[in-house]
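Trainee: Pasting protein_30.tsv below, which is TSV, C-alpha atoms.
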chain	number	residue	atom	x	y	z
A	27	ASN	CA	-3.83	3.08	-3.09
A	28	CYS	CA	-2.62	1.52	-6.33
A	29	ALA	CA	-5.23	-1.28	-6.09
A	30	THR	CA	-7.71	0.73	-8.12
A	31	GLY	CA	-6.17	4.18	-7.97
A	32	MET	CA	-8.06	5.78	-5.07
A	33	SER	CA	-5.97	8.94	-5.20
A	34	ALA	CA	-5.99	9.09	-9.01
A	35	PHE	CA	-8.43	7.02	-11.03
A	36	ARG	CA	-7.47	5.08	-14.13
A	37	TYR	CA	-9.52	5.59	-17.26
A	38	THR	CA	-9.54	1.81	-17.77
A	39	ASP	CA	-11.19	1.33	-14.37
A	40	VAL	CA	-14.25	3.49	-15.04
A	41	PRO	CA	-17.14	3.04	-17.51
A	42	LEU	CA	-16.86	4.74	-20.89
A	43	PHE	CA	-19.58	7.28	-20.12
A	44	VAL	CA	-17.69	8.38	-16.98
A	45	ARG	CA	-14.37	8.98	-18.68
A	46	PRO	CA	-15.24	12.44	-20.09
A	47	LEU	CA	-16.29	13.53	-16.60
A	48	LEU	CA	-13.06	12.15	-15.17
A	49	TYR	CA	-11.07	14.05	-17.78
A	50	VAL	CA	-12.81	17.32	-16.91
A	51	MET	CA	-12.30	16.72	-13.18
A	52	GLN	CA	-8.57	16.01	-13.53
A	53	ASN	CA	-7.69	18.56	-16.20
A	54	VAL	CA	-10.07	21.44	-15.45
A	55	VAL	CA	-11.48	21.29	-11.93
A	56	LEU	CA	-8.26	20.19	-10.22
A	57	LYS	CA	-6.03	22.64	-12.05
A	58	GLY	CA	-5.53	26.32	-11.45
A	59	GLY	CA	-7.73	28.42	-9.21
A	60	VAL	CA	-10.69	26.06	-9.61
A	61	GLY	CA	-8.74	23.25	-7.96
A	62	GLU	CA	-7.79	25.39	-5.00
A	63	TRP	CA	-11.40	26.50	-4.57
A	64	PHE	CA	-12.55	22.88	-4.72
A	65	PHE	CA	-9.97	21.96	-2.07
A	66	GLU	CA	-11.17	24.71	0.28
A	67	GLN	CA	-14.76	23.48	0.00
A	68	PHE	CA	-13.79	19.85	0.37
A	69	ARG	CA	-11.57	20.07	3.46
A	70	SER	CA	-14.22	21.24	5.93
A	71	ARG	CA	-14.61	19.23	9.13
A	72	ASP	CA	-18.22	18.32	8.30
A	73	ASN	CA	-17.31	17.03	4.85
A	74	VAL	CA	-14.48	14.86	6.11
A	75	GLN	CA	-16.57	13.46	8.95
A	76	ARG	CA	-19.43	12.72	6.56
A	77	LEU	CA	-17.07	11.02	4.12
A	78	LEU	CA	-15.52	8.82	6.79
A	79	HIS	CA	-18.74	7.73	8.46
A	80	LYS	CA	-21.69	8.06	6.10
A	81	GLY	CA	-19.47	7.46	3.09
A	82	GLY	CA	-18.61	4.04	4.47
A	83	VAL	CA	-14.87	4.52	4.88
A	84	TYR	CA	-15.31	3.57	8.54
A	85	ARG	CA	-18.04	1.13	9.56
A	86	ASN	CA	-17.27	1.58	13.25
A	87	ALA	CA	-18.68	5.04	13.98
A	88	GLY	CA	-16.88	5.19	17.31
A	89	GLN	CA	-13.54	5.34	15.51
A	90	VAL	CA	-14.48	8.56	13.70
A	91	ASN	CA	-13.56	10.73	16.66
A	92	PRO	CA	-12.06	14.22	17.12
A	93	GLU	CA	-8.53	12.79	17.26
A	94	LEU	CA	-8.89	11.14	13.86
A	95	LEU	CA	-10.36	14.29	12.33
A	96	GLU	CA	-7.48	16.38	13.65
A	97	ILE	CA	-4.96	13.92	12.20
A	98	LEU	CA	-6.58	14.11	8.79
A	99	LEU	CA	-7.39	17.83	8.73
A	100	GLY	CA	-4.13	19.10	10.22
A	101	PRO	CA	-2.00	18.79	7.05
A	102	SER	CA	-4.61	20.73	5.06
A	103	ASP	CA	-3.42	23.90	6.83
A	104	ASP	CA	0.16	23.46	5.61
A	105	ASP	CA	1.60	25.68	2.90
A	106	ASN	CA	0.92	24.40	-0.61
A	107	ALA	CA	-1.61	21.85	0.71
A	108	ALA	CA	-4.05	22.69	-2.08
A	109	HIS	CA	-1.35	22.21	-4.70
A	110	VAL	CA	-0.45	18.79	-3.29
A	111	PHE	CA	-4.11	17.76	-3.10
A	112	CYS	CA	-4.73	18.64	-6.75
A	113	ASN	CA	-1.56	16.90	-7.93
A	114	VAL	CA	-2.38	13.71	-6.01
A	115	MET	CA	-6.01	13.53	-7.09
A	116	GLY	CA	-5.22	14.37	-10.69
A	117	GLY	CA	-1.86	12.68	-11.03
A	118	ASP	CA	-0.60	9.32	-12.22
A	119	PRO	CA	-2.26	6.48	-10.26
A	120	GLY	CA	0.92	4.43	-10.51
A	121	PRO	CA	1.41	0.73	-11.27
A	122	ARG	CA	-1.11	-1.92	-10.29
A	123	PRO	CA	-0.34	-4.60	-7.66
A	124	GLU	CA	-0.52	-7.24	-10.39
A	125	GLN	CA	2.71	-5.81	-11.79
A	126	TYR	CA	4.53	-6.55	-8.53
A	127	LEU	CA	2.98	-9.74	-7.16
A	128	THR	CA	4.88	-12.03	-9.51
A	129	ASP	CA	8.18	-10.56	-8.27
A	130	ILE	CA	7.43	-10.91	-4.54
A	131	SER	CA	8.94	-14.00	-2.92
A	132	CYS	CA	7.68	-13.63	0.66
A	133	PRO	CA	4.22	-14.65	1.92
A	134	VAL	CA	1.54	-11.97	1.51
A	135	LEU	CA	-1.48	-11.47	3.76
A	136	ALA	CA	-4.17	-9.09	2.47
A	137	LEU	CA	-6.73	-8.01	5.06
A	138	TRP	CA	-9.64	-6.37	3.26
A	139	GLY	CA	-12.85	-4.81	4.54
A	140	ASP	CA	-15.97	-6.36	3.05
A	141	SER	CA	-17.61	-2.91	2.97
A	142	ASP	CA	-14.70	-0.92	1.52
A	143	PRO	CA	-16.44	1.66	-0.72
A	144	TRP	CA	-13.28	2.80	-2.50
A	145	VAL	CA	-11.43	-0.44	-3.23
A	146	PRO	CA	-13.84	-3.42	-3.18
A	147	HIS	CA	-12.31	-6.68	-1.99
A	148	HIS	CA	-13.24	-8.46	-5.23
A	149	THR	CA	-10.38	-6.45	-6.75
A	150	ALA	CA	-8.00	-9.05	-5.28
A	151	ARG	CA	-10.05	-12.19	-5.85
A	152	ASP	CA	-7.73	-13.48	-8.59
A	153	TRP	CA	-4.39	-12.34	-7.17
A	154	HIS	CA	-3.63	-15.78	-5.74
A	155	ALA	CA	-3.02	-16.86	-9.33
A	156	LEU	CA	-0.15	-14.35	-9.52
A	157	HIS	CA	1.41	-15.29	-6.18
A	158	THR	CA	1.56	-18.83	-4.85
A	159	ASP	CA	1.66	-17.64	-1.24
A	160	PHE	CA	-1.08	-14.99	-1.29
A	161	ASP	CA	-3.77	-15.11	1.43
A	162	LEU	CA	-6.81	-12.84	1.12
A	163	GLN	CA	-8.96	-12.54	4.24
A	164	VAL	CA	-12.11	-10.42	4.02
A	165	LEU	CA	-13.13	-8.85	7.34
A	166	PRO	CA	-16.87	-8.52	8.03
A	167	ASP	CA	-18.51	-5.13	8.55
A	168	THR	CA	-15.21	-3.35	7.90
A	169	GLY	CA	-14.45	-0.37	5.69
A	170	HIS	CA	-11.41	1.07	3.93
A	171	CYS	CA	-9.12	1.23	6.98
A	172	PRO	CA	-9.33	-2.20	8.69
A	173	HIS	CA	-6.41	-1.62	11.05
A	174	ASP	CA	-8.14	1.43	12.53
A	175	ASP	CA	-11.77	0.55	11.87
A	176	ARG	CA	-11.73	-2.98	13.35
A	177	PRO	CA	-8.30	-3.51	14.96
A	178	GLU	CA	-9.54	-6.52	16.92
A	179	LEU	CA	-10.43	-8.34	13.68
A	180	VAL	CA	-7.08	-7.43	12.17
A	181	HIS	CA	-5.25	-8.87	15.18
A	182	GLU	CA	-7.33	-12.05	15.11
A	183	ALA	CA	-6.33	-12.64	11.51
A	184	MET	CA	-2.78	-11.29	11.44
A	185	ILE	CA	-1.21	-12.73	14.60
A	186	PRO	CA	-1.99	-16.42	13.87
A	187	TRP	CA	-0.84	-15.87	10.28
A	188	MET	CA	2.47	-14.40	11.47
A	189	GLN	CA	2.95	-17.28	13.91
A	190	GLN	CA	2.60	-19.90	11.18
A	191	VAL	CA	4.86	-17.90	8.88
A	192	VAL	CA	7.55	-17.98	11.59
A	193	GLN	CA	7.64	-21.76	11.24
A	194	ARG	CA	8.43	-21.43	7.55
A	195	TYR	CA	11.17	-18.83	7.73
A	196	ASP	CA	14.77	-19.94	7.21
A	197	PRO	CA	17.04	-17.25	8.74
A	198	GLN	CA	20.11	-18.71	7.08
A	199	LYS	CA	18.66	-18.23	3.63
A	200	HIS	CA	16.52	-15.19	4.39
A	201	ALA	CA	13.72	-17.08	2.69
A	202	PHE	CA	10.38	-18.75	3.36
A	203	VAL	CA	9.79	-22.45	2.83
A	204	SER	CA	6.68	-23.31	0.86
A	205	GLY	CA	3.80	-24.96	2.66
A	206	GLU	CA	3.16	-25.47	6.36
A	207	SER	CA	4.63	-28.98	6.27
A	208	GLY	CA	7.76	-27.82	4.48
A	209	CYS	CA	9.47	-26.12	7.41
A	210	SER	CA	13.23	-26.36	6.94
A	211	THR	CA	15.54	-28.01	9.45
A	212	ALA	CA	17.41	-24.72	9.90
A	213	ALA	CA	14.22	-22.86	10.78
A	214	THR	CA	13.12	-25.63	13.16
A	215	ASN	CA	16.48	-25.76	14.91
A	216	THR	CA	16.56	-21.98	15.26
A	217	ALA	CA	13.13	-22.03	16.84
A	218	LYS	CA	14.20	-24.73	19.29
A	219	GLU	CA	17.34	-22.82	20.22
A	220	ASN	CA	15.23	-19.77	20.95
A	221	GLY	CA	13.00	-21.88	23.13
A	222	ASP	CA	9.88	-20.56	21.48
A	223	SER	CA	8.72	-21.71	18.07
A	224	ASP	CA	6.22	-18.84	17.95
A	225	ASP	CA	8.69	-16.09	18.68
A	226	VAL	CA	7.30	-13.42	16.38
A	227	THR	CA	9.82	-10.85	17.59
A	228	SER	CA	12.80	-12.99	16.56
A	229	PHE	CA	11.18	-13.65	13.23
A	230	LEU	CA	10.65	-9.95	12.56
A	231	GLU	CA	14.23	-9.14	13.51
A	232	SER	CA	15.55	-11.79	11.12
A	233	ALA	CA	13.17	-10.70	8.40
A	234	MET	CA	14.12	-7.05	8.79
A	235	GLU	CA	17.78	-8.01	8.56
A	236	GLY	CA	17.06	-9.75	5.28
A	237	ILE	CA	15.07	-6.78	4.01
A	238	SER	CA	17.90	-4.43	4.95
A	239	ASP	CA	20.35	-6.57	3.00
A	240	MET	CA	18.09	-6.53	-0.05
A	241	ILE	CA	17.63	-2.74	0.16
A	242	TYR	CA	21.41	-2.27	0.44
A	243	ASP	CA	22.06	-4.54	-2.54
A	244	GLU	CA	19.44	-2.71	-4.59
A	245	HIS	CA	20.95	0.65	-3.63
A	246	GLN	CA	24.39	-0.57	-4.69
A	247	LYS	CA	23.02	-1.71	-8.06
A	248	GLN	CA	21.30	1.62	-8.64
A	249	GLN	CA	24.43	3.53	-7.67
A	250	GLN	CA	26.55	1.42	-10.01
A	251	GLN	CA	24.04	1.90	-12.83
A	252	GLN	CA	24.02	5.66	-12.24
A	253	GLU	CA	27.82	5.76	-12.40
A	254	GLU	CA	27.77	3.83	-15.66
A	255	ASP	CA	25.15	6.16	-17.10
A	256	ASP	CA	27.21	9.19	-16.07
A	257	GLU	CA	30.30	7.73	-17.74
A	258	GLU	CA	28.37	7.07	-20.96
A	259	GLU	CA	27.04	10.63	-20.93
A	260	GLU	CA	30.56	12.01	-20.45
A	261	ASP	CA	31.86	9.88	-23.31
A	262	GLU	CA	29.09	11.12	-25.60
A	263	THR	CA	29.87	14.72	-24.62
A	264	ASP	CA	33.59	14.20	-25.35
A	265	THR	CA	32.77	12.63	-28.70
A	266	GLU	CA	30.57	15.53	-29.70
A	267	THR	CA	33.27	17.97	-28.63
Go ahead and express the file in the form of structure tokens.

Mentor:
Amino acid sequence: NCATGMSAFRYTDVPLFVRPLLYVMQNVVLKGGVGEWFFEQFRSRDNVQRLLHKGGVYRNAGQVNPELLEILLGPSDDDNAAHVFCNVMGGDPGPRPEQYLTDISCPVLALWGDSDPWVPHHTARDWHALHTDFDLQVLPDTGHCPHDDRPELVHEAMIPWMQQVVQRYDPQKHAFVSGESGCSTAATNTAKENGDSDDVTSFLESAMEGISDMIYDEHQKQQQQQEEDDEEEEDETDTET
């Protein structure tokens, strides 16, 4: 949701004349008893169904079924649901994708509905300039939730993309080789040994192993940094004493 801040709008993303209204919504309507009242009015079954279908979130009306409505409405009955709703809608929208794309080294596939009413696909039209391996595919007659709205279109785009990415993955380096013609010898030999150059399952297992290693390394760095910060704080306390 950080693409344009669906759950919490950025002032820089809305016209100047809308910003006062946004301020009132976030700081008056969504706070206190008014926010809880707004939540109770908003979470009705008819409102949610109307938002999903007539609001354009789903283009495929058949997918807006009782099961989906139960999945979405169920959490609204939990304790403190109104408080969470108000905090999310009026909170910090978080960083933008542009702040992360330059730091991502793996290939990125963005599947975007051409009729997404909340986050228009033109939001990502220039992201390829921030990531050399960024592929934006716009799905026709698709809303905000492509994977659920038009799963067949998602599969048609995603599976071939994953198969070609397999050819570029070097399991020894936990890295992707640039370009389709740049497949490394290690990746090619691994594919031959497996007997299936399009073995998506093997690719995912290798990729997840690499991701796990990165997460572990990052956790170790954070833990070490925390220990250093604690030591500095103790030293400052001793000095003051």

Trainee: Which neighbours of stretch 176-185 of chain A fall inside 9 Å, counting all atoms listed in the file, when residues of the same chain fewer than 5 positions from it are skipped, and could you give them as a list in words?

Mentor: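 The residues that qualify are Tyr84, Arg85, Asn86, Gln89, Leu135, Leu137, Gln163, Leu165, Pro166, Asp167, Thr168, Gly169, Cys171, Gln190 and Val226 of chain A.
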
Trainee: Which polymer residues have any atom within 8 Å of an atom of A:Glu66, counting only C-alpha atoms, with same-chain residues fewer than 4 positions away left out, as a ChimeraX atom specification?

Mentor: /A:62,70,108

Trainee: How would the residues just picked look written out with C-alpha atoms as a short mmCIF file (atom, residue, chain, number, x, y, z; two decimals), in the frame of the given file?

Mentor:
data_model
loop_
_atom_site.label_atom_id
_atom_site.label_comp_id
_atom_site.auth_asym_id
_atom_site.auth_seq_id
_atom_site.Cartn_x
_atom_site.Cartn_y
_atom_site.Cartn_z
CA GLU A 62 -7.79 25.39 -5.00
CA SER A 70 -14.22 21.24 5.93
CA ALA A 108 -4.05 22.69 -2.08
#

Trainee: For atom CA of A:Asp140 and atom CA of A:Val164, determine how far apart the two atoms are, in Å to one decimal place.

Mentor: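 Separating atom CA of A:Asp140 from atom CA of A:Val164 is a distance of 5.7 Å.
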
Trainee: So, with all atoms listed in the file as the atoms that count, which of A:Cys112, A:Val90, A:Val134, A:Leu99 lies closest to A:Met188?

Mentor: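 Of the candidates, the smallest distance to A:Met188 is held by A:Val134.
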
Trainee: Would you mind reading off the distance between atom CA of A:Arg69 and atom CA of A:Val83, one decimal, in Å?

Mentor: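 Pair atom CA of A:Arg69 / atom CA of A:Val83 returns 16.0 Å.
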
Trainee: Figure out the distance between atom CA of A:Leu78 and atom CA of A:His170, please, to one decimal in Å.

Mentor: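 Separation of atom CA of A:His170 and atom CA of A:Leu78: 9.2 Å.
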
Trainee: Determine, counting only C-alpha atoms, which protein, DNA and RNA residues have an atom within 12 Å of an atom of A:Leu48; residues of the same chain fewer than 6 positions away are not included. Present the result as an MDAnalysis selection string.

Mentor: chainID A and resid 34:42 54:56 115:117

Trainee: Neighbours of A:Arg151 within 12 Å (only C-alpha atoms; same-chain residues fewer than 6 positions away dropped), as an NGL selection string?

Mentor: :A and (29 or 124 or 136 or 138 or 157 or 160-164)

Trainee: Measuring atom to atom with all atoms listed in the file, identify which of A:Pro186, A:Phe65, A:Glu93, A:Asn53 is nearest to A:Asn106.

Mentor: A:Phe65
